[in-house]
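To keep things clear, I will list the structure first and then write my remarks on it.
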Amino acid sequence: MADSDAPSPGASSGVVDLLGALAYAELTAFLRMAEDAAHLAPTVTDRAQLGELAVTEYGHFRLLRDRLTELGADPERAMAPFCGAFDAWHELTRPGDWLAALVKAYVGLGIALDFYREAAKRLDPSLSPLVEEVLADEPRSEFVVERVRAALAEDPAQSGRLALWARRLVGEALSQAQQVAAARPELARLLSDADQADVSRLFAQLTEEHNKRMAALGL
């Protein structure tokens, strides 16, 4: 594991950390969405649509993996420091039904990617378009918002349960993000220049974006 901490010869360790974190986030999102589509989707159409989102996530993973290679970094080593945090988050937030899976795909993954979007603003301009492409969530938003709103219209009693679930998702995501920032100082400096006040503002902004997503879902 110590080798994974060595900086890449082609980029700063903070940039490699960011791309490594994003790459593993996209890989695990692909795997978990595919699993949820196979086991929780109530119809073939739903299975196909979540499966399409999973394929998109895998495409993003490949873009990030290839860019890490171009920068002279080993993608395996770049992702290694983040495996524990992402794996733990997915295990702690395993959805029990279809609606919970949709809320996780939208709210849970959304706030995690917001965290990295802030870091992307500090990147070399040549890398920013790649990160923005990976973080675009319009297809996920449209599909999930439509499905969740329709379910709530049919059964408004689901609202309270899903709101509690979303709060749990964001709490676990923020906890893991804080652990990642603390463990990877170069990544933390991309976010805040080591200024604790900036870190506090960052997490306040993440919470605000979360609230917007909740409103979009009707929760």
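Within each chain, counting starts at residue 1; across the structure tokens, chains are named A, B, ... in the order shown, with ligands numbered 1 upward in that order.
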With a distance cut-off of 12 Å and only C-alpha atoms, select the neighbouring residues of A:Ile111, excluding the residue or stretch itself and same-chain residues fewer than 4 positions from it, and output the selection as number ranges by chain. A: 25, 103-107, 115-118, 135, 137, 166-167, 169-177, 202-214
For the residues in the current selection, export N, CA, C and O atoms as a CSV table (one decimal), in the first residue's frame.
```
chain,number,residue,atom,x,y,z
A,25,ALA,N,-14.8,5.7,-7.8
A,25,ALA,CA,-16.2,6.0,-7.6
A,25,ALA,C,-17.1,5.6,-8.8
A,25,ALA,O,-18.1,5.0,-8.7
A,103,VAL,N,-33.1,6.5,-5.3
A,103,VAL,CA,-32.7,7.6,-4.4
A,103,VAL,C,-31.2,7.6,-4.2
A,103,VAL,O,-30.5,8.6,-4.2
A,104,LYS,N,-30.6,6.4,-4.0
A,104,LYS,CA,-29.2,6.3,-3.8
A,104,LYS,C,-28.4,6.7,-5.1
A,104,LYS,O,-27.4,7.4,-5.0
A,105,ALA,N,-28.9,6.3,-6.2
A,105,ALA,CA,-28.3,6.6,-7.5
A,105,ALA,C,-28.3,8.1,-7.7
A,105,ALA,O,-27.3,8.7,-8.3
A,106,TYR,N,-29.3,8.8,-7.2
A,106,TYR,CA,-29.4,10.2,-7.5
A,106,TYR,C,-28.8,11.1,-6.4
A,106,TYR,O,-28.0,11.9,-6.6
A,107,VAL,N,-29.3,10.8,-5.1
A,107,VAL,CA,-28.9,11.6,-4.0
A,107,VAL,C,-27.5,11.2,-3.5
A,107,VAL,O,-26.6,12.1,-3.3
A,115,PHE,N,-18.6,16.6,-4.3
A,115,PHE,CA,-17.3,16.8,-3.5
A,115,PHE,C,-16.2,16.9,-4.5
A,115,PHE,O,-15.3,17.8,-4.3
A,116,TYR,N,-16.1,16.0,-5.5
A,116,TYR,CA,-15.0,16.0,-6.4
A,116,TYR,C,-15.1,17.1,-7.5
A,116,TYR,O,-14.2,17.6,-8.0
A,117,ARG,N,-16.4,17.6,-7.7
A,117,ARG,CA,-16.5,18.7,-8.6
A,117,ARG,C,-15.8,19.9,-8.1
A,117,ARG,O,-15.2,20.7,-8.8
A,118,GLU,N,-15.9,20.1,-6.8
A,118,GLU,CA,-15.2,21.3,-6.2
A,118,GLU,C,-13.7,21.1,-6.3
A,118,GLU,O,-13.0,22.1,-6.6
A,135,LEU,N,-18.7,14.1,-14.4
A,135,LEU,CA,-19.6,14.5,-13.3
A,135,LEU,C,-21.0,14.9,-13.8
A,135,LEU,O,-21.9,15.2,-13.0
A,137,ASP,N,-24.7,14.9,-14.6
A,137,ASP,CA,-25.7,13.9,-14.0
A,137,ASP,C,-27.1,14.1,-14.6
A,137,ASP,O,-28.0,13.6,-14.1
A,166,ALA,N,-32.6,9.1,2.4
A,166,ALA,CA,-31.7,10.1,1.8
A,166,ALA,C,-30.8,10.8,2.8
A,166,ALA,O,-29.6,11.1,2.5
A,167,ARG,N,-31.4,11.1,4.0
A,167,ARG,CA,-30.5,11.7,5.0
A,167,ARG,C,-29.4,10.8,5.5
A,167,ARG,O,-28.3,11.2,5.7
A,169,LEU,N,-28.0,8.5,3.5
A,169,LEU,CA,-27.1,8.5,2.4
A,169,LEU,C,-26.1,9.6,2.5
A,169,LEU,O,-24.9,9.5,2.3
A,170,VAL,N,-26.7,10.8,2.7
A,170,VAL,CA,-25.8,12.0,2.7
A,170,VAL,C,-24.9,12.0,3.9
A,170,VAL,O,-23.7,12.4,3.9
A,171,GLY,N,-25.4,11.6,5.1
A,171,GLY,CA,-24.6,11.5,6.3
A,171,GLY,C,-23.4,10.6,6.1
A,171,GLY,O,-22.3,10.9,6.4
A,172,GLU,N,-23.7,9.4,5.5
A,172,GLU,CA,-22.6,8.5,5.3
A,172,GLU,C,-21.6,9.0,4.2
A,172,GLU,O,-20.4,8.8,4.4
A,173,ALA,N,-22.1,9.6,3.2
A,173,ALA,CA,-21.2,10.2,2.2
A,173,ALA,C,-20.3,11.3,2.7
A,173,ALA,O,-19.1,11.3,2.4
A,174,LEU,N,-20.9,12.2,3.5
A,174,LEU,CA,-20.0,13.2,4.1
A,174,LEU,C,-19.0,12.7,5.0
A,174,LEU,O,-17.9,13.2,5.1
A,175,SER,N,-19.4,11.7,5.8
A,175,SER,CA,-18.4,11.0,6.7
A,175,SER,C,-17.3,10.4,5.9
A,175,SER,O,-16.1,10.6,6.3
A,176,GLN,N,-17.6,9.7,4.8
A,176,GLN,CA,-16.5,9.1,4.1
A,176,GLN,C,-15.6,10.2,3.4
A,176,GLN,O,-14.4,10.0,3.3
A,177,ALA,N,-16.3,11.2,2.9
A,177,ALA,CA,-15.5,12.3,2.2
A,177,ALA,C,-14.6,13.0,3.2
A,177,ALA,O,-13.4,13.3,2.8
A,202,LEU,N,-17.3,24.3,2.2
A,202,LEU,CA,-17.5,23.2,1.2
A,202,LEU,C,-18.6,22.3,1.6
A,202,LEU,O,-19.6,22.0,0.9
A,203,PHE,N,-18.6,21.8,2.9
A,203,PHE,CA,-19.6,20.9,3.3
A,203,PHE,C,-21.0,21.6,3.5
A,203,PHE,O,-22.0,20.9,3.2
A,204,ALA,N,-21.0,22.9,3.7
A,204,ALA,CA,-22.3,23.6,3.7
A,204,ALA,C,-22.9,23.6,2.3
A,204,ALA,O,-24.1,23.5,2.1
A,205,GLN,N,-22.0,23.8,1.3
A,205,GLN,CA,-22.4,23.9,0.0
A,205,GLN,C,-22.9,22.5,-0.5
A,205,GLN,O,-23.9,22.4,-1.2
A,206,LEU,N,-22.2,21.5,-0.1
A,206,LEU,CA,-22.7,20.1,-0.4
A,206,LEU,C,-24.1,19.8,0.1
A,206,LEU,O,-24.9,19.2,-0.5
A,207,THR,N,-24.3,20.3,1.4
A,207,THR,CA,-25.6,20.1,2.0
A,207,THR,C,-26.7,20.9,1.2
A,207,THR,O,-27.8,20.4,1.0
A,208,GLU,N,-26.4,22.1,0.7
A,208,GLU,CA,-27.3,22.9,0.0
A,208,GLU,C,-27.7,22.2,-1.3
A,208,GLU,O,-28.9,22.1,-1.7
A,209,GLU,N,-26.7,21.6,-2.0
A,209,GLU,CA,-27.0,20.9,-3.3
A,209,GLU,C,-27.8,19.7,-3.0
A,209,GLU,O,-28.7,19.3,-3.8
A,210,HIS,N,-27.6,19.0,-1.9
A,210,HIS,CA,-28.4,17.9,-1.5
A,210,HIS,C,-29.8,18.3,-1.3
A,210,HIS,O,-30.7,17.6,-1.8
A,211,ASN,N,-30.1,19.4,-0.7
A,211,ASN,CA,-31.4,19.9,-0.5
A,211,ASN,C,-32.1,20.2,-1.8
A,211,ASN,O,-33.3,19.9,-1.9
A,212,LYS,N,-31.4,20.6,-2.8
A,212,LYS,CA,-32.0,20.9,-4.1
A,212,LYS,C,-32.4,19.6,-4.7
A,212,LYS,O,-33.5,19.5,-5.4
A,213,ARG,N,-31.6,18.5,-4.6
A,213,ARG,CA,-31.9,17.2,-5.1
A,213,ARG,C,-33.2,16.7,-4.4
A,213,ARG,O,-34.0,16.1,-5.1
A,214,MET,N,-33.2,16.8,-3.1
A,214,MET,CA,-34.4,16.4,-2.4
A,214,MET,C,-35.7,17.1,-2.9
A,214,MET,O,-36.7,16.4,-3.1
```
Can you list, as a PyMOL selection string, every protein, DNA or RNA residue that comes within 8 Å of stretch 60-69 of chain A when you count only C-alpha atoms, leaving out same-chain residues fewer than 6 positions away? chain A and resi 16+19-20+22-24+26-27+75+78+130+133-134
Output the selection as an mmCIF file, in the first residue's frame - all heavy atoms for each residue.
```cif
data_model
loop_
_atom_site.group_PDB
_atom_site.id
_atom_site.type_symbol
_atom_site.label_atom_id
_atom_site.label_comp_id
_atom_site.auth_asym_id
_atom_site.auth_seq_id
_atom_site.Cartn_x
_atom_site.Cartn_y
_atom_site.Cartn_z
ATOM 1 N N VAL A 16 -3.510 13.211 -9.212
ATOM 2 C CA VAL A 16 -3.621 11.753 -9.313
ATOM 3 C C VAL A 16 -4.619 11.229 -8.282
ATOM 4 O O VAL A 16 -5.429 10.348 -8.573
ATOM 5 C CB VAL A 16 -2.244 11.092 -9.143
ATOM 6 C CG1 VAL A 16 -2.377 9.570 -9.031
ATOM 7 C CG2 VAL A 16 -1.347 11.449 -10.321
ATOM 8 N N LEU A 19 -8.220 12.061 -9.610
ATOM 9 C CA LEU A 19 -8.633 11.197 -10.711
ATOM 10 C C LEU A 19 -8.763 9.751 -10.253
ATOM 11 O O LEU A 19 -9.643 9.020 -10.721
ATOM 12 C CB LEU A 19 -7.649 11.316 -11.872
ATOM 13 C CG LEU A 19 -7.543 12.705 -12.520
ATOM 14 C CD1 LEU A 19 -6.595 12.665 -13.718
ATOM 15 C CD2 LEU A 19 -8.909 13.225 -12.939
ATOM 16 N N GLY A 20 -7.894 9.333 -9.333
ATOM 17 C CA GLY A 20 -8.013 7.979 -8.794
ATOM 18 C C GLY A 20 -9.290 7.796 -8.008
ATOM 19 O O GLY A 20 -9.972 6.768 -8.139
ATOM 20 N N LEU A 22 -12.092 9.554 -8.357
ATOM 21 C CA LEU A 22 -13.203 9.578 -9.307
ATOM 22 C C LEU A 22 -13.307 8.265 -10.075
ATOM 23 O O LEU A 22 -14.402 7.751 -10.310
ATOM 24 C CB LEU A 22 -13.039 10.736 -10.280
ATOM 25 C CG LEU A 22 -13.465 12.109 -9.778
ATOM 26 C CD1 LEU A 22 -13.073 13.181 -10.779
ATOM 27 C CD2 LEU A 22 -14.963 12.141 -9.525
ATOM 28 N N ALA A 23 -12.167 7.728 -10.482
ATOM 29 C CA ALA A 23 -12.183 6.479 -11.240
ATOM 30 C C ALA A 23 -12.800 5.360 -10.422
ATOM 31 O O ALA A 23 -13.639 4.599 -10.918
ATOM 32 C CB ALA A 23 -10.764 6.108 -11.667
ATOM 33 N N TYR A 24 -12.408 5.262 -9.153
ATOM 34 C CA TYR A 24 -12.971 4.178 -8.343
ATOM 35 C C TYR A 24 -14.438 4.441 -8.024
ATOM 36 O O TYR A 24 -15.243 3.507 -7.966
ATOM 37 C CB TYR A 24 -12.173 3.981 -7.057
ATOM 38 C CG TYR A 24 -12.506 2.661 -6.413
ATOM 39 C CD1 TYR A 24 -12.123 1.457 -7.022
ATOM 40 C CD2 TYR A 24 -13.226 2.586 -5.234
ATOM 41 C CE1 TYR A 24 -12.456 0.231 -6.475
ATOM 42 C CE2 TYR A 24 -13.559 1.362 -4.674
ATOM 43 C CZ TYR A 24 -13.173 0.194 -5.296
ATOM 44 O OH TYR A 24 -13.511 -1.029 -4.742
ATOM 45 N N GLU A 26 -16.572 5.850 -10.029
ATOM 46 C CA GLU A 26 -17.328 5.475 -11.222
ATOM 47 C C GLU A 26 -17.374 3.961 -11.405
ATOM 48 O O GLU A 26 -18.400 3.403 -11.814
ATOM 49 C CB GLU A 26 -16.717 6.142 -12.458
ATOM 50 C CG GLU A 26 -16.803 7.653 -12.452
ATOM 51 C CD GLU A 26 -18.241 8.146 -12.533
ATOM 52 O OE1 GLU A 26 -19.093 7.453 -13.113
ATOM 53 O OE2 GLU A 26 -18.508 9.237 -12.007
ATOM 54 N N LEU A 27 -16.273 3.286 -11.105
ATOM 55 C CA LEU A 27 -16.255 1.832 -11.225
ATOM 56 C C LEU A 27 -17.241 1.197 -10.261
ATOM 57 O O LEU A 27 -18.020 0.309 -10.639
ATOM 58 C CB LEU A 27 -14.843 1.303 -10.966
ATOM 59 C CG LEU A 27 -14.679 -0.224 -11.018
ATOM 60 C CD1 LEU A 27 -15.082 -0.773 -12.380
ATOM 61 C CD2 LEU A 27 -13.249 -0.607 -10.662
ATOM 62 N N PRO A 75 -3.150 3.292 -12.766
ATOM 63 C CA PRO A 75 -4.527 3.436 -12.282
ATOM 64 C C PRO A 75 -4.831 2.592 -11.053
ATOM 65 O O PRO A 75 -5.555 3.041 -10.156
ATOM 66 C CB PRO A 75 -5.368 2.989 -13.493
ATOM 67 C CG PRO A 75 -4.505 3.290 -14.672
ATOM 68 C CD PRO A 75 -3.109 2.984 -14.215
ATOM 69 N N ALA A 78 -3.411 4.387 -8.161
ATOM 70 C CA ALA A 78 -4.111 5.654 -7.939
ATOM 71 C C ALA A 78 -5.460 5.435 -7.260
ATOM 72 O O ALA A 78 -5.898 6.262 -6.448
ATOM 73 C CB ALA A 78 -4.313 6.373 -9.274
ATOM 74 N N LEU A 130 -12.590 16.889 -18.862
ATOM 75 C CA LEU A 130 -12.760 15.461 -18.589
ATOM 76 C C LEU A 130 -13.554 15.263 -17.311
ATOM 77 O O LEU A 130 -14.513 14.478 -17.267
ATOM 78 C CB LEU A 130 -11.397 14.783 -18.466
ATOM 79 C CG LEU A 130 -11.411 13.355 -17.894
ATOM 80 C CD1 LEU A 130 -12.119 12.407 -18.838
ATOM 81 C CD2 LEU A 130 -9.982 12.885 -17.610
ATOM 82 N N GLU A 133 -17.202 16.194 -17.714
ATOM 83 C CA GLU A 133 -17.940 15.179 -18.472
ATOM 84 C C GLU A 133 -18.304 14.008 -17.570
ATOM 85 O O GLU A 133 -19.427 13.496 -17.598
ATOM 86 C CB GLU A 133 -17.096 14.684 -19.653
ATOM 87 C CG GLU A 133 -17.778 13.587 -20.460
ATOM 88 C CD GLU A 133 -16.927 13.077 -21.613
ATOM 89 O OE1 GLU A 133 -15.851 13.664 -21.868
ATOM 90 O OE2 GLU A 133 -17.330 12.093 -22.249
ATOM 91 N N VAL A 134 -17.367 13.599 -16.744
ATOM 92 C CA VAL A 134 -17.606 12.474 -15.850
ATOM 93 C C VAL A 134 -18.681 12.811 -14.816
ATOM 94 O O VAL A 134 -19.492 11.955 -14.446
ATOM 95 C CB VAL A 134 -16.289 12.080 -15.143
ATOM 96 C CG1 VAL A 134 -16.544 11.121 -13.995
ATOM 97 C CG2 VAL A 134 -15.332 11.452 -16.152
#
```
So what do you get for atom CA of A:Glu35 versus atom CA of A:Ala21, distance-wise? 21.1 Å
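Distance annotation: of A:His39, A:Ala73, A:Trp89, A:Glu142, the residue with the minimal separation from A:Gln179 is A:Trp89; atom set is only C-alpha atoms.
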Name all residues at most 10 Å from A:Ala100 (count only C-alpha atoms; drop same-chain ones fewer than 2 positions away) and give them as an MDAnalysis selection string. chainID A and resid 36 40 93:98 102:105 148 161:163 165:166
Save out the residues we just selected, N, CA and C atoms, as a compact mmCIF listing (two decimals), in the first residue's frame.
```txt
# COMPACT_ATOMS: atom_id res chain seq x y z
N ASP A 36 -28.15 -3.54 -8.75
CA ASP A 36 -29.50 -3.09 -8.41
C ASP A 36 -30.47 -3.29 -9.57
N LEU A 40 -33.35 -5.53 -8.28
CA LEU A 40 -34.40 -4.70 -7.67
C LEU A 40 -35.37 -4.08 -8.66
N THR A 93 -24.83 1.47 2.77
CA THR A 93 -26.02 2.04 2.13
C THR A 93 -26.57 1.11 1.05
N ARG A 94 -26.55 -0.16 1.32
CA ARG A 94 -27.11 -1.11 0.34
C ARG A 94 -28.63 -0.97 0.33
N PRO A 95 -29.23 -0.62 -0.83
CA PRO A 95 -30.69 -0.40 -0.87
C PRO A 95 -31.46 -1.70 -0.72
N GLY A 96 -32.63 -1.59 -0.09
CA GLY A 96 -33.45 -2.77 0.12
C GLY A 96 -34.56 -2.93 -0.90
N ASP A 97 -34.82 -1.90 -1.69
CA ASP A 97 -35.86 -2.00 -2.70
C ASP A 97 -35.55 -1.03 -3.85
N TRP A 98 -36.43 -1.04 -4.84
CA TRP A 98 -36.19 -0.28 -6.06
C TRP A 98 -36.14 1.22 -5.81
N LEU A 102 -33.03 3.89 -6.43
CA LEU A 102 -33.08 5.09 -7.26
C LEU A 102 -32.63 6.32 -6.48
N VAL A 103 -33.08 6.45 -5.25
CA VAL A 103 -32.68 7.59 -4.44
C VAL A 103 -31.17 7.56 -4.19
N LYS A 104 -30.63 6.38 -3.98
CA LYS A 104 -29.18 6.28 -3.80
C LYS A 104 -28.45 6.71 -5.07
N ALA A 105 -28.92 6.28 -6.23
CA ALA A 105 -28.26 6.62 -7.48
C ALA A 105 -28.25 8.12 -7.72
N VAL A 148 -39.24 8.43 -9.22
CA VAL A 148 -39.55 8.65 -7.81
C VAL A 148 -40.79 9.52 -7.66
N ARG A 161 -40.29 7.65 4.46
CA ARG A 161 -39.26 6.61 4.45
C ARG A 161 -38.09 6.99 3.55
N LEU A 162 -38.41 7.49 2.37
CA LEU A 162 -37.34 7.84 1.44
C LEU A 162 -36.56 9.07 1.89
N ALA A 163 -37.22 10.00 2.57
CA ALA A 163 -36.51 11.17 3.09
C ALA A 163 -35.50 10.75 4.16
N TRP A 165 -34.10 7.83 4.37
CA TRP A 165 -33.06 7.10 3.65
C TRP A 165 -32.06 8.07 3.00
N ALA A 166 -32.58 9.13 2.41
CA ALA A 166 -31.71 10.12 1.77
C ALA A 166 -30.82 10.80 2.79
```
Residue neighbourhood A:Ala29, 8 Å, only C-alpha atoms, exclusion window fewer than 6 positions, as a list in words: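 Here the answer would be Ala54, Glu57 and Leu109 of chain A.
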Expected file: the selected residues, N, CA and C atoms, as a PDB file, in the first residue's frame:
```pdb
ATOM      1  N   ALA A  54     -25.659   2.537 -15.694  1.00  0.00           N
ATOM      2  CA  ALA A  54     -24.466   1.810 -15.259  1.00  0.00           C
ATOM      3  C   ALA A  54     -23.405   1.796 -16.354  1.00  0.00           C
ATOM      4  N   GLU A  57     -21.626   5.046 -16.423  1.00  0.00           N
ATOM      5  CA  GLU A  57     -20.633   5.146 -15.352  1.00  0.00           C
ATOM      6  C   GLU A  57     -19.359   4.388 -15.731  1.00  0.00           C
ATOM      7  N   LEU A 109     -24.959   9.209  -4.755  1.00  0.00           N
ATOM      8  CA  LEU A 109     -23.841   9.395  -5.676  1.00  0.00           C
ATOM      9  C   LEU A 109     -23.678  10.860  -6.041  1.00  0.00           C
TER      10      LEU A 109
END
```
Computed interatomic separation between atom CA of A:Asp114 and atom CA of A:Arg201 (Å):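 The value is 13.2 Å.
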